[in-house]
Amino acid sequence: MKRLITKSLLASIASAICVLAGNASAATVNEYFVDHGDIGIAYEDNELELHYHFEDGFNGVGPEVEFEPNEVYIRVSDAAKLTTTNDLGFLGTTAGDEIWILPQGNTGSSGAGSLGVPFVGLATEELDSTDFISVDLSMTNFNGPGEFALWQFGTFGPNVFFQSVDGISSADNLNLGIGIHDHANFGFTEEGIYEIELTATGNLTGGGTVVDVGTFTFAVGNVATVPEPGSVAALVSLSLVGACVRRRRKS
């Protein structure tokens with residue numbers, strides 16, 4: 001006998017998927033490797049929250065979704081590798097060295113990063129100017145086989161925000177406006193796993209600050225020592241039964 005799938009059953013399935021997504025183990029690590037995504041900063045229940053925000057679905061699949069920093073790693077494939085033509089002191093490299101870059105400009109043909117070169121942004125669009133004056137995003141810890149830097153190209157040369165080559169200090173800081181979305185170059189000098197701890201400090205309009213810390217992981221080159229990516233099947237199924245945005249750090 002055939003069983004009909006009713007609207008109420010679909011709603012139950014959607015609810016169950018949302019619960020599973022919200023309670024997924026941090027051991028499930030998903031590989032972000034294509035399309036556009038942001039390292040976002042939100043403010044909920046008087047707490048600042050660093051997270052991943054995928055407005056157009058994870059790797060361009062499924063509904064809008066968000067993840068905690070430890071639930072995703074970013075793949076920087078050999079498609080992002082190039083040979084330098086100049087010395088880059090902020091990366092500790094000289095002309096002719098090979099480096100990997102996720103560029104501040106889009107490499108895809110449809111408004112998103114190409115395969116293995118995801119288009120990673122920095123966003124405070126979820127913050128309200130009535131609450132915040134600005135946010136300081138700082139690199140406060142670093143672990144990797146080579147060097148890392150975050151910078152933008154300016155009129156008079158590169159504007160370098162983070163660089164590991166000279167150690168971690170208060171100079172590794174990027175002041176972000178409220179309600180903005182921007183992109184920068186993420187550069188790496190060696191193949192391997194990089195763990196970059198970011199600290200977001202929200203400067204409140206009424207005085208004082210709120211802080212959150214998250215570690216963002218990048219798998220550079222063909223390295224395969226990151227835990228197996230979580231299945232994207234659940235995200236695909238979400239597109240069939242309705243959008244479900246993951247909650248961040250809410251028990």
# chains A, B, ... in the order shown; residues from 1 in each chain; ligands from 1

call {"tool": "residues_around", "arguments": {"residues": "stretch 120-132 of chain A", "least_positions_apart": "6", "cutoff": "6 Å", "atoms": "only C-alpha atoms", "output": "VMD selection string"}}
result
chain A and resid 37 to 42 178 to 183 203 to 205

call {"tool": "select_by_dssp", "arguments": {"residues": "stretch 28-217 of chain A", "states": "helix (DSSP H, G or I)", "output": "list in words"}}
result
Pro69, Asn70, Glu71, Asp78, Ala79 and Ala80 of chain A

call {"tool": "write_last_selection", "arguments": {"atoms": "all heavy atoms", "output": "short mmCIF file (atom, residue, chain, number, x, y, z; two decimals), in the first residue's frame"}}
result
data_model
loop_
_atom_site.label_atom_id
_atom_site.label_comp_id
_atom_site.auth_asym_id
_atom_site.auth_seq_id
_atom_site.Cartn_x
_atom_site.Cartn_y
_atom_site.Cartn_z
N PRO A 69 32.85 27.85 13.77
CA PRO A 69 34.18 27.74 13.16
C PRO A 69 34.74 26.32 13.12
O PRO A 69 35.40 25.94 12.14
CB PRO A 69 35.04 28.65 14.05
CG PRO A 69 34.08 29.68 14.53
CD PRO A 69 32.79 28.93 14.77
N ASN A 70 34.48 25.51 14.14
CA ASN A 70 35.07 24.16 14.19
C ASN A 70 34.29 23.13 13.38
O ASN A 70 34.65 21.96 13.36
CB ASN A 70 35.21 23.69 15.64
CG ASN A 70 33.87 23.48 16.33
OD1 ASN A 70 32.82 23.91 15.85
ND2 ASN A 70 33.90 22.85 17.49
N GLU A 71 33.23 23.56 12.69
CA GLU A 71 32.44 22.64 11.89
C GLU A 71 32.78 22.67 10.41
O GLU A 71 32.23 21.90 9.62
CB GLU A 71 30.95 22.93 12.07
CG GLU A 71 30.44 22.65 13.48
CD GLU A 71 28.98 23.01 13.67
OE1 GLU A 71 28.55 24.06 13.17
OE2 GLU A 71 28.27 22.24 14.33
N ASP A 78 45.45 23.36 -5.14
CA ASP A 78 46.55 23.79 -5.99
C ASP A 78 46.09 24.71 -7.12
O ASP A 78 46.92 25.32 -7.80
CB ASP A 78 47.27 22.56 -6.57
CG ASP A 78 48.22 21.93 -5.56
OD1 ASP A 78 48.53 22.59 -4.55
OD2 ASP A 78 48.63 20.78 -5.77
N ALA A 79 44.77 24.80 -7.33
CA ALA A 79 44.26 25.78 -8.29
C ALA A 79 44.52 27.20 -7.81
O ALA A 79 44.47 28.15 -8.59
CB ALA A 79 42.77 25.57 -8.52
N ALA A 80 44.81 27.35 -6.51
CA ALA A 80 45.09 28.66 -5.93
C ALA A 80 46.59 28.95 -5.86
O ALA A 80 47.00 29.99 -5.36
CB ALA A 80 44.49 28.74 -4.53
#

call {"tool": "residues_around", "arguments": {"residues": "A:Asp212", "least_positions_apart": "2", "cutoff": "6 Å", "atoms": "only C-alpha atoms", "output": "ChimeraX atom specification"}}
result
/A:48-49,199-200

call {"tool": "write_last_selection", "arguments": {"atoms": "C-alpha atoms", "output": "PDB file, in the first residue's frame"}}
result
ATOM      1  CA  LEU A  48      29.175  38.296  19.956  1.00  0.00           C
ATOM      2  CA  GLU A  49      29.359  35.300  17.628  1.00  0.00           C
ATOM      3  CA  THR A 199      39.294  37.301  18.140  1.00  0.00           C
ATOM      4  CA  ALA A 200      36.388  39.625  17.424  1.00  0.00           C
TER       5      ALA A 200
END

call {"tool": "atom_distance", "arguments": {"atom1": "atom CA of A:Asn143", "atom2": "atom CA of A:Ile196"}}
result
6.6 Å

call {"tool": "closest_residue", "arguments": {"among": "A:Glu47, A:Glu68, A:Asp35, A:Asp136", "to": "A:Phe119", "atoms": "only C-alpha atoms"}}
result
A:Asp35

call {"tool": "residues_around", "arguments": {"residues": "A:Ala224", "least_positions_apart": "3", "cutoff": "12 Å", "atoms": "only C-alpha atoms", "output": "list in words"}}
result
Glu31, Tyr73, Arg75, Val76, Ser77, Glu191, Gly192, Ile193, Phe218, Ala219, Val220, Gly221, Pro227, Glu228 and Pro229 of chain A

call {"tool": "atom_distance", "arguments": {"atom1": "atom CA of A:Leu115", "atom2": "atom CA of A:His36"}}
result
10.8 Å

call {"tool": "closest_residue", "arguments": {"among": "A:Gly146, A:Gly167, A:Gly202, A:Gly96", "to": "A:Tyr43", "atoms": "only C-alpha atoms"}}
result
A:Gly202

call {"tool": "closest_residue", "arguments": {"among": "A:Gly113, A:Gly187, A:Pro118, A:Gly177", "to": "A:Leu82", "atoms": "only C-alpha atoms"}}
result
A:Gly187

call {"tool": "residues_around", "arguments": {"residues": "A:Glu195", "least_positions_apart": "2", "cutoff": "6 Å", "atoms": "only C-alpha atoms", "output": "MDAnalysis selection string"}}
result
chainID A and resid 142:143 216:217

call {"tool": "closest_residue", "arguments": {"among": "A:Leu137, A:Pro63, A:Phe188, A:Ile99", "to": "A:Asn86", "atoms": "only C-alpha atoms"}}
result
A:Ile99

call {"tool": "select_by_dssp", "arguments": {"residues": "stretch 1-237 of chain A", "states": "strand (DSSP E or B)", "output": "ChimeraX atom specification"}}
result
/A:29-32,36-44,47-54,58,61,65-67,72-76,81-83,88,93,98-102,114,117,119-123,132-143,148-154,157-163,173-176,181-183,185-188,192-204,209-220,229

call {"tool": "residues_around", "arguments": {"residues": "stretch 103-105 of chain A", "least_positions_apart": "3", "cutoff": "7 Å", "atoms": "only C-alpha atoms", "output": "JSON, numbers by chain"}}
result
{"A": [152, 183, 184, 185, 186]}
